[in-house]
Amino acid sequence: MRRIALVLFGPLLCLALAGCGNTRYPAPVRESSPKYRAAVERKPLPPVPPGHYRVQPGDTLFKIAFDKGLDHQALAEWNGLDDPDHIVVGSVLRLTPPRPTLVTRPLAAHANVEARPMPAEPTVSPSPEDAVPDVWSWPARGTLAARFGEGLSKGIDILGMRGQQVQAAAPGKVAYTGAGLRGYGKLIIIRHGKTLLSAYAHNARILVREGQAVARGQVIGEMGDTDADRVKLHFEIRELGKPVDPLNYLPNLEKTAG
């Protein structure tokens with residue numbers, strides 16, 4: 001009886017083991033597998049059309065406008081940005097004004113046209129932040145080494161010593177701090193009213209933060225040579241995004257600043 005049970009149980013056990021051996025489980029996904037690489041690789045974004053720019057991490061509207069030589073307010077208006085301080089990484093901004101659309105409607109023959117005086121626009125006094133400064137001071141003491149327009153210079157260069165104080169040339173609000181613009185090193189941009197910007201490049205240290213209000217003569221950085229061949233301050237003034245000669249704003253056209 002025992003022998004018969006073994007004879008019957010043996011084939012059943014083999015069938016059970018064979019069935020287990022044929023069970024297939026999905027292979028684990030490894031970092032070296034093509035499926036894993038395909039899952040983590042991001043699809044490259046398409047190139048932007050001419051006259052447009054794709055927002056990169058760390059970008060601000062002031063930074064983009066300064067780099068492209070544009071007025072930040074116009075750039076915000078062209079792209080319908082209600083909050084210029086909020087731009088989305090990966091979004092595409094237009095760098096030129098949109099074409100105006102002119103819609104005309106014929107005037108009905110029986111229309112009664114009556115001349116009416118235009119309402120007077122309310123006068124709004126500018127806030128201190130929007131006021132254009134009427135007094136400027138030199139941003140650093142030192143030798144004036146390069147003037148506006150010499151070579152490709154968009155401003156002036158003032159030679160000095162490492163760690164020397166860099167001061168705000170006029171009251172305003174800090175619009176940008178960082179080293180994200182090639183050729184400028186550690187850069188500070190201050191907004192003066194709605195039309196003017198001043199820029200302070202190649203700092204060794206930046207002592208202000210974005211959004212901070214500064215007074216004329218306030219220390220904002222220390223002179224250095226970041227992204228430059230020597231210790232110096234490169235100083236620019238821009239009106240509506242376009243570089244202008246800083247010597248037209250600074251007092252006393254002298255060979256030494258300060």
# chains A, B, ... in the order shown; residues from 1 in each chain; ligands from 1
$ residues_around --residues "stretch 87-94 of chain A" --least-positions-apart "4" --cutoff "9 Å" --atoms "only C-alpha atoms" --output "list in words"
Leu45, Val48, Pro50, Gly51, His52, Tyr53, Arg54, Val55, Gln56, Pro57, Gly58, Asp59, Thr60, Leu61, Leu75, Trp78, Asn79, Leu81, Asp83 and Pro98 of chain A
$ residues_around --residues "stretch 204-218 of chain A" --least-positions-apart "5" --cutoff "12 Å" --atoms "only C-alpha atoms" --output "PDB file with N, CA and C atoms, in the first residue's frame"
ATOM      1  N   THR A  60      15.425  85.887 -14.462  1.00  0.00           N
ATOM      2  CA  THR A  60      14.414  86.853 -14.055  1.00  0.00           C
ATOM      3  C   THR A  60      14.150  87.753 -15.252  1.00  0.00           C
ATOM      4  N   PHE A  62      14.294  90.977 -15.362  1.00  0.00           N
ATOM      5  CA  PHE A  62      15.337  91.993 -15.427  1.00  0.00           C
ATOM      6  C   PHE A  62      16.607  91.434 -16.045  1.00  0.00           C
ATOM      7  N   LYS A  63      16.954  90.208 -15.675  1.00  0.00           N
ATOM      8  CA  LYS A  63      18.164  89.589 -16.221  1.00  0.00           C
ATOM      9  C   LYS A  63      18.044  89.396 -17.727  1.00  0.00           C
ATOM     10  N   ASP A  85       7.626  89.739 -11.828  1.00  0.00           N
ATOM     11  CA  ASP A  85       8.498  88.970 -10.945  1.00  0.00           C
ATOM     12  C   ASP A  85       8.248  87.474 -11.054  1.00  0.00           C
ATOM     13  N   PRO A 128       8.550 107.393  -4.486  1.00  0.00           N
ATOM     14  CA  PRO A 128      10.011 107.521  -4.448  1.00  0.00           C
ATOM     15  C   PRO A 128      10.719 106.447  -5.268  1.00  0.00           C
ATOM     16  N   GLU A 129      10.105 105.272  -5.360  1.00  0.00           N
ATOM     17  CA  GLU A 129      10.725 104.179  -6.105  1.00  0.00           C
ATOM     18  C   GLU A 129      10.699 104.442  -7.605  1.00  0.00           C
ATOM     19  N   ASP A 130       9.666 105.185  -8.087  1.00  0.00           N
ATOM     20  CA  ASP A 130       9.529 105.459  -9.510  1.00  0.00           C
ATOM     21  C   ASP A 130      10.161 106.785  -9.928  1.00  0.00           C
ATOM     22  N   PRO A 133      16.241 109.714 -10.409  1.00  0.00           N
ATOM     23  CA  PRO A 133      17.190 110.471  -9.575  1.00  0.00           C
ATOM     24  C   PRO A 133      17.792 111.643 -10.335  1.00  0.00           C
ATOM     25  N   ASP A 134      17.942 112.754  -9.654  1.00  0.00           N
ATOM     26  CA  ASP A 134      18.544 113.931 -10.286  1.00  0.00           C
ATOM     27  C   ASP A 134      19.979 114.152  -9.846  1.00  0.00           C
ATOM     28  N   VAL A 135      20.433 113.386  -8.870  1.00  0.00           N
ATOM     29  CA  VAL A 135      21.812 113.492  -8.392  1.00  0.00           C
ATOM     30  C   VAL A 135      22.432 112.105  -8.389  1.00  0.00           C
ATOM     31  N   TRP A 136      23.590 111.987  -9.022  1.00  0.00           N
ATOM     32  CA  TRP A 136      24.327 110.733  -9.072  1.00  0.00           C
ATOM     33  C   TRP A 136      25.703 110.946  -8.452  1.00  0.00           C
ATOM     34  N   SER A 137      26.310 109.848  -7.990  1.00  0.00           N
ATOM     35  CA  SER A 137      27.671 109.908  -7.462  1.00  0.00           C
ATOM     36  C   SER A 137      28.474 108.747  -8.043  1.00  0.00           C
ATOM     37  N   TRP A 138      29.788 108.877  -7.997  1.00  0.00           N
ATOM     38  CA  TRP A 138      30.642 107.825  -8.531  1.00  0.00           C
ATOM     39  C   TRP A 138      30.471 106.544  -7.723  1.00  0.00           C
ATOM     40  N   PRO A 139      30.392 105.398  -8.386  1.00  0.00           N
ATOM     41  CA  PRO A 139      30.172 104.138  -7.664  1.00  0.00           C
ATOM     42  C   PRO A 139      31.405 103.594  -6.961  1.00  0.00           C
ATOM     43  N   ALA A 140      32.592 104.109  -7.286  1.00  0.00           N
ATOM     44  CA  ALA A 140      33.829 103.649  -6.639  1.00  0.00           C
ATOM     45  C   ALA A 140      34.930 104.669  -6.894  1.00  0.00           C
ATOM     46  N   ARG A 141      35.930 104.642  -6.050  1.00  0.00           N
ATOM     47  CA  ARG A 141      37.103 105.485  -6.234  1.00  0.00           C
ATOM     48  C   ARG A 141      38.148 104.699  -7.022  1.00  0.00           C
ATOM     49  N   MET A 161      41.234  98.415  -5.937  1.00  0.00           N
ATOM     50  CA  MET A 161      41.857  97.337  -5.168  1.00  0.00           C
ATOM     51  C   MET A 161      40.799  96.302  -4.788  1.00  0.00           C
ATOM     52  N   ARG A 162      41.242  95.054  -4.688  1.00  0.00           N
ATOM     53  CA  ARG A 162      40.326  93.989  -4.315  1.00  0.00           C
ATOM     54  C   ARG A 162      39.717  94.275  -2.929  1.00  0.00           C
ATOM     55  N   GLY A 163      38.420  94.108  -2.825  1.00  0.00           N
ATOM     56  CA  GLY A 163      37.729  94.341  -1.569  1.00  0.00           C
ATOM     57  C   GLY A 163      37.301  95.773  -1.359  1.00  0.00           C
ATOM     58  N   GLN A 164      37.663  96.660  -2.287  1.00  0.00           N
ATOM     59  CA  GLN A 164      37.285  98.068  -2.171  1.00  0.00           C
ATOM     60  C   GLN A 164      35.766  98.217  -2.281  1.00  0.00           C
ATOM     61  N   GLN A 165      35.231  99.206  -1.595  1.00  0.00           N
ATOM     62  CA  GLN A 165      33.792  99.402  -1.563  1.00  0.00           C
ATOM     63  C   GLN A 165      33.234  99.812  -2.926  1.00  0.00           C
ATOM     64  N   VAL A 166      32.095  99.205  -3.266  1.00  0.00           N
ATOM     65  CA  VAL A 166      31.308  99.597  -4.432  1.00  0.00           C
ATOM     66  C   VAL A 166      30.001 100.167  -3.900  1.00  0.00           C
ATOM     67  N   GLN A 167      29.645 101.377  -4.357  1.00  0.00           N
ATOM     68  CA  GLN A 167      28.492 102.084  -3.812  1.00  0.00           C
ATOM     69  C   GLN A 167      27.429 102.314  -4.884  1.00  0.00           C
ATOM     70  N   ALA A 168      26.186 102.368  -4.443  1.00  0.00           N
ATOM     71  CA  ALA A 168      25.087 102.688  -5.358  1.00  0.00           C
ATOM     72  C   ALA A 168      25.250 104.117  -5.847  1.00  0.00           C
ATOM     73  N   ALA A 169      25.184 104.297  -7.164  1.00  0.00           N
ATOM     74  CA  ALA A 169      25.388 105.624  -7.738  1.00  0.00           C
ATOM     75  C   ALA A 169      24.176 106.523  -7.576  1.00  0.00           C
ATOM     76  N   ALA A 170      23.011 105.946  -7.294  1.00  0.00           N
ATOM     77  CA  ALA A 170      21.791 106.719  -7.111  1.00  0.00           C
ATOM     78  C   ALA A 170      20.817 105.853  -6.314  1.00  0.00           C
ATOM     79  N   PRO A 171      19.827 106.467  -5.672  1.00  0.00           N
ATOM     80  CA  PRO A 171      18.843 105.668  -4.938  1.00  0.00           C
ATOM     81  C   PRO A 171      18.001 104.834  -5.888  1.00  0.00           C
ATOM     82  N   GLY A 172      17.585 103.668  -5.412  1.00  0.00           N
ATOM     83  CA  GLY A 172      16.772 102.793  -6.241  1.00  0.00           C
ATOM     84  C   GLY A 172      16.455 101.496  -5.544  1.00  0.00           C
ATOM     85  N   LYS A 173      16.130 100.503  -6.337  1.00  0.00           N
ATOM     86  CA  LYS A 173      15.757  99.188  -5.825  1.00  0.00           C
ATOM     87  C   LYS A 173      16.552  98.127  -6.570  1.00  0.00           C
ATOM     88  N   VAL A 174      17.140  97.192  -5.829  1.00  0.00           N
ATOM     89  CA  VAL A 174      17.961  96.145  -6.432  1.00  0.00           C
ATOM     90  C   VAL A 174      17.066  95.223  -7.258  1.00  0.00           C
ATOM     91  N   ALA A 175      17.353  95.145  -8.554  1.00  0.00           N
ATOM     92  CA  ALA A 175      16.544  94.338  -9.463  1.00  0.00           C
ATOM     93  C   ALA A 175      17.150  92.965  -9.712  1.00  0.00           C
ATOM     94  N   TYR A 176      18.480  92.841  -9.604  1.00  0.00           N
ATOM     95  CA  TYR A 176      19.141  91.558  -9.891  1.00  0.00           C
ATOM     96  C   TYR A 176      20.463  91.485  -9.169  1.00  0.00           C
ATOM     97  N   THR A 177      20.764  90.306  -8.636  1.00  0.00           N
ATOM     98  CA  THR A 177      22.090  89.980  -8.117  1.00  0.00           C
ATOM     99  C   THR A 177      22.421  88.558  -8.548  1.00  0.00           C
ATOM    100  N   GLY A 178      23.652  88.341  -8.993  1.00  0.00           N
ATOM    101  CA  GLY A 178      24.037  86.997  -9.388  1.00  0.00           C
ATOM    102  C   GLY A 178      25.162  87.009 -10.394  1.00  0.00           C
ATOM    103  N   ALA A 179      25.484  85.821 -10.886  1.00  0.00           N
ATOM    104  CA  ALA A 179      26.576  85.665 -11.844  1.00  0.00           C
ATOM    105  C   ALA A 179      26.096  84.922 -13.081  1.00  0.00           C
ATOM    106  N   TYR A 184      30.115  89.456 -17.087  1.00  0.00           N
ATOM    107  CA  TYR A 184      29.878  90.437 -16.034  1.00  0.00           C
ATOM    108  C   TYR A 184      30.304  89.944 -14.646  1.00  0.00           C
ATOM    109  N   GLY A 185      30.580  88.648 -14.513  1.00  0.00           N
ATOM    110  CA  GLY A 185      30.937  88.130 -13.211  1.00  0.00           C
ATOM    111  C   GLY A 185      29.797  88.294 -12.223  1.00  0.00           C
ATOM    112  N   LYS A 186      30.148  88.582 -10.965  1.00  0.00           N
ATOM    113  CA  LYS A 186      29.123  88.830  -9.950  1.00  0.00           C
ATOM    114  C   LYS A 186      28.572  90.236 -10.170  1.00  0.00           C
ATOM    115  N   LEU A 187      27.293  90.278 -10.530  1.00  0.00           N
ATOM    116  CA  LEU A 187      26.679  91.508 -11.043  1.00  0.00           C
ATOM    117  C   LEU A 187      25.555  91.984 -10.131  1.00  0.00           C
ATOM    118  N   ILE A 188      25.444  93.302 -10.003  1.00  0.00           N
ATOM    119  CA  ILE A 188      24.340  93.943  -9.295  1.00  0.00           C
ATOM    120  C   ILE A 188      23.661  94.905 -10.268  1.00  0.00           C
ATOM    121  N   ILE A 189      22.342  94.828 -10.367  1.00  0.00           N
ATOM    122  CA  ILE A 189      21.573  95.753 -11.195  1.00  0.00           C
ATOM    123  C   ILE A 189      20.580  96.471 -10.287  1.00  0.00           C
ATOM    124  N   ILE A 190      20.570  97.793 -10.364  1.00  0.00           N
ATOM    125  CA  ILE A 190      19.663  98.602  -9.557  1.00  0.00           C
ATOM    126  C   ILE A 190      18.716  99.354 -10.498  1.00  0.00           C
ATOM    127  N   ARG A 191      17.434  99.346 -10.154  1.00  0.00           N
ATOM    128  CA  ARG A 191      16.431 100.052 -10.940  1.00  0.00           C
ATOM    129  C   ARG A 191      16.205 101.436 -10.344  1.00  0.00           C
ATOM    130  N   HIS A 192      16.245 102.441 -11.203  1.00  0.00           N
ATOM    131  CA  HIS A 192      16.014 103.827 -10.781  1.00  0.00           C
ATOM    132  C   HIS A 192      14.797 104.347 -11.540  1.00  0.00           C
ATOM    133  N   GLY A 193      13.670 104.476 -10.865  1.00  0.00           N
ATOM    134  CA  GLY A 193      12.457 104.881 -11.552  1.00  0.00           C
ATOM    135  C   GLY A 193      12.010 103.819 -12.541  1.00  0.00           C
ATOM    136  N   SER A 198      21.158 100.887 -13.369  1.00  0.00           N
ATOM    137  CA  SER A 198      22.616 100.959 -13.242  1.00  0.00           C
ATOM    138  C   SER A 198      23.129  99.562 -12.933  1.00  0.00           C
ATOM    139  N   MET A 223      34.773  95.372  -4.720  1.00  0.00           N
ATOM    140  CA  MET A 223      35.408  95.271  -6.030  1.00  0.00           C
ATOM    141  C   MET A 223      36.223  93.981  -6.138  1.00  0.00           C
ATOM    142  N   GLY A 224      36.181  93.376  -7.318  1.00  0.00           N
ATOM    143  CA  GLY A 224      36.916  92.140  -7.559  1.00  0.00           C
ATOM    144  C   GLY A 224      37.229  91.964  -9.032  1.00  0.00           C
ATOM    145  N   ASP A 225      37.496  90.720  -9.420  1.00  0.00           N
ATOM    146  CA  ASP A 225      37.852  90.433 -10.806  1.00  0.00           C
ATOM    147  C   ASP A 225      37.097  89.219 -11.340  1.00  0.00           C
ATOM    148  N   THR A 226      35.883  88.961 -10.824  1.00  0.00           N
ATOM    149  CA  THR A 226      35.115  87.825 -11.323  1.00  0.00           C
ATOM    150  C   THR A 226      34.775  88.041 -12.793  1.00  0.00           C
ATOM    151  N   ASP A 227      35.170  87.056 -13.616  1.00  0.00           N
ATOM    152  CA  ASP A 227      34.954  87.109 -15.066  1.00  0.00           C
ATOM    153  C   ASP A 227      35.628  88.332 -15.692  1.00  0.00           C
ATOM    154  N   ALA A 228      36.798  88.719 -15.156  1.00  0.00           N
ATOM    155  CA  ALA A 228      37.556  89.856 -15.688  1.00  0.00           C
ATOM    156  C   ALA A 228      39.043  89.530 -15.603  1.00  0.00           C
ATOM    157  N   ARG A 230      41.358  91.703 -14.600  1.00  0.00           N
ATOM    158  CA  ARG A 230      41.997  92.482 -13.554  1.00  0.00           C
ATOM    159  C   ARG A 230      40.926  92.981 -12.588  1.00  0.00           C
ATOM    160  N   VAL A 231      41.375  93.451 -11.426  1.00  0.00           N
ATOM    161  CA  VAL A 231      40.435  93.981 -10.443  1.00  0.00           C
ATOM    162  C   VAL A 231      39.893  95.316 -10.944  1.00  0.00           C
ATOM    163  N   LYS A 232      38.585  95.406 -11.077  1.00  0.00           N
ATOM    164  CA  LYS A 232      37.970  96.634 -11.582  1.00  0.00           C
ATOM    165  C   LYS A 232      36.472  96.584 -11.352  1.00  0.00           C
ATOM    166  N   LEU A 233      35.855  97.747 -11.485  1.00  0.00           N
ATOM    167  CA  LEU A 233      34.403  97.842 -11.510  1.00  0.00           C
ATOM    168  C   LEU A 233      33.983  98.263 -12.904  1.00  0.00           C
ATOM    169  N   GLY A 258      35.813 109.925  -8.083  1.00  0.00           N
ATOM    170  CA  GLY A 258      35.716 110.227  -6.663  1.00  0.00           C
ATOM    171  C   GLY A 258      36.681 111.311  -6.294  1.00  0.00           C
TER     172      GLY A 258
END
$ closest_residue --among "A:Ala74, A:Ile237, A:Ile220, A:Ile64" --to "A:Lys154" --atoms "only C-alpha atoms"
A:Ile237
$ select_by_dssp --residues "stretch 138-254 of chain A" --states "strand (DSSP E)" --output "ChimeraX atom specification"
/A:142-146,156-159,165-167,172-178,186-192,196-206,213-214,219-223,232-239,242-244
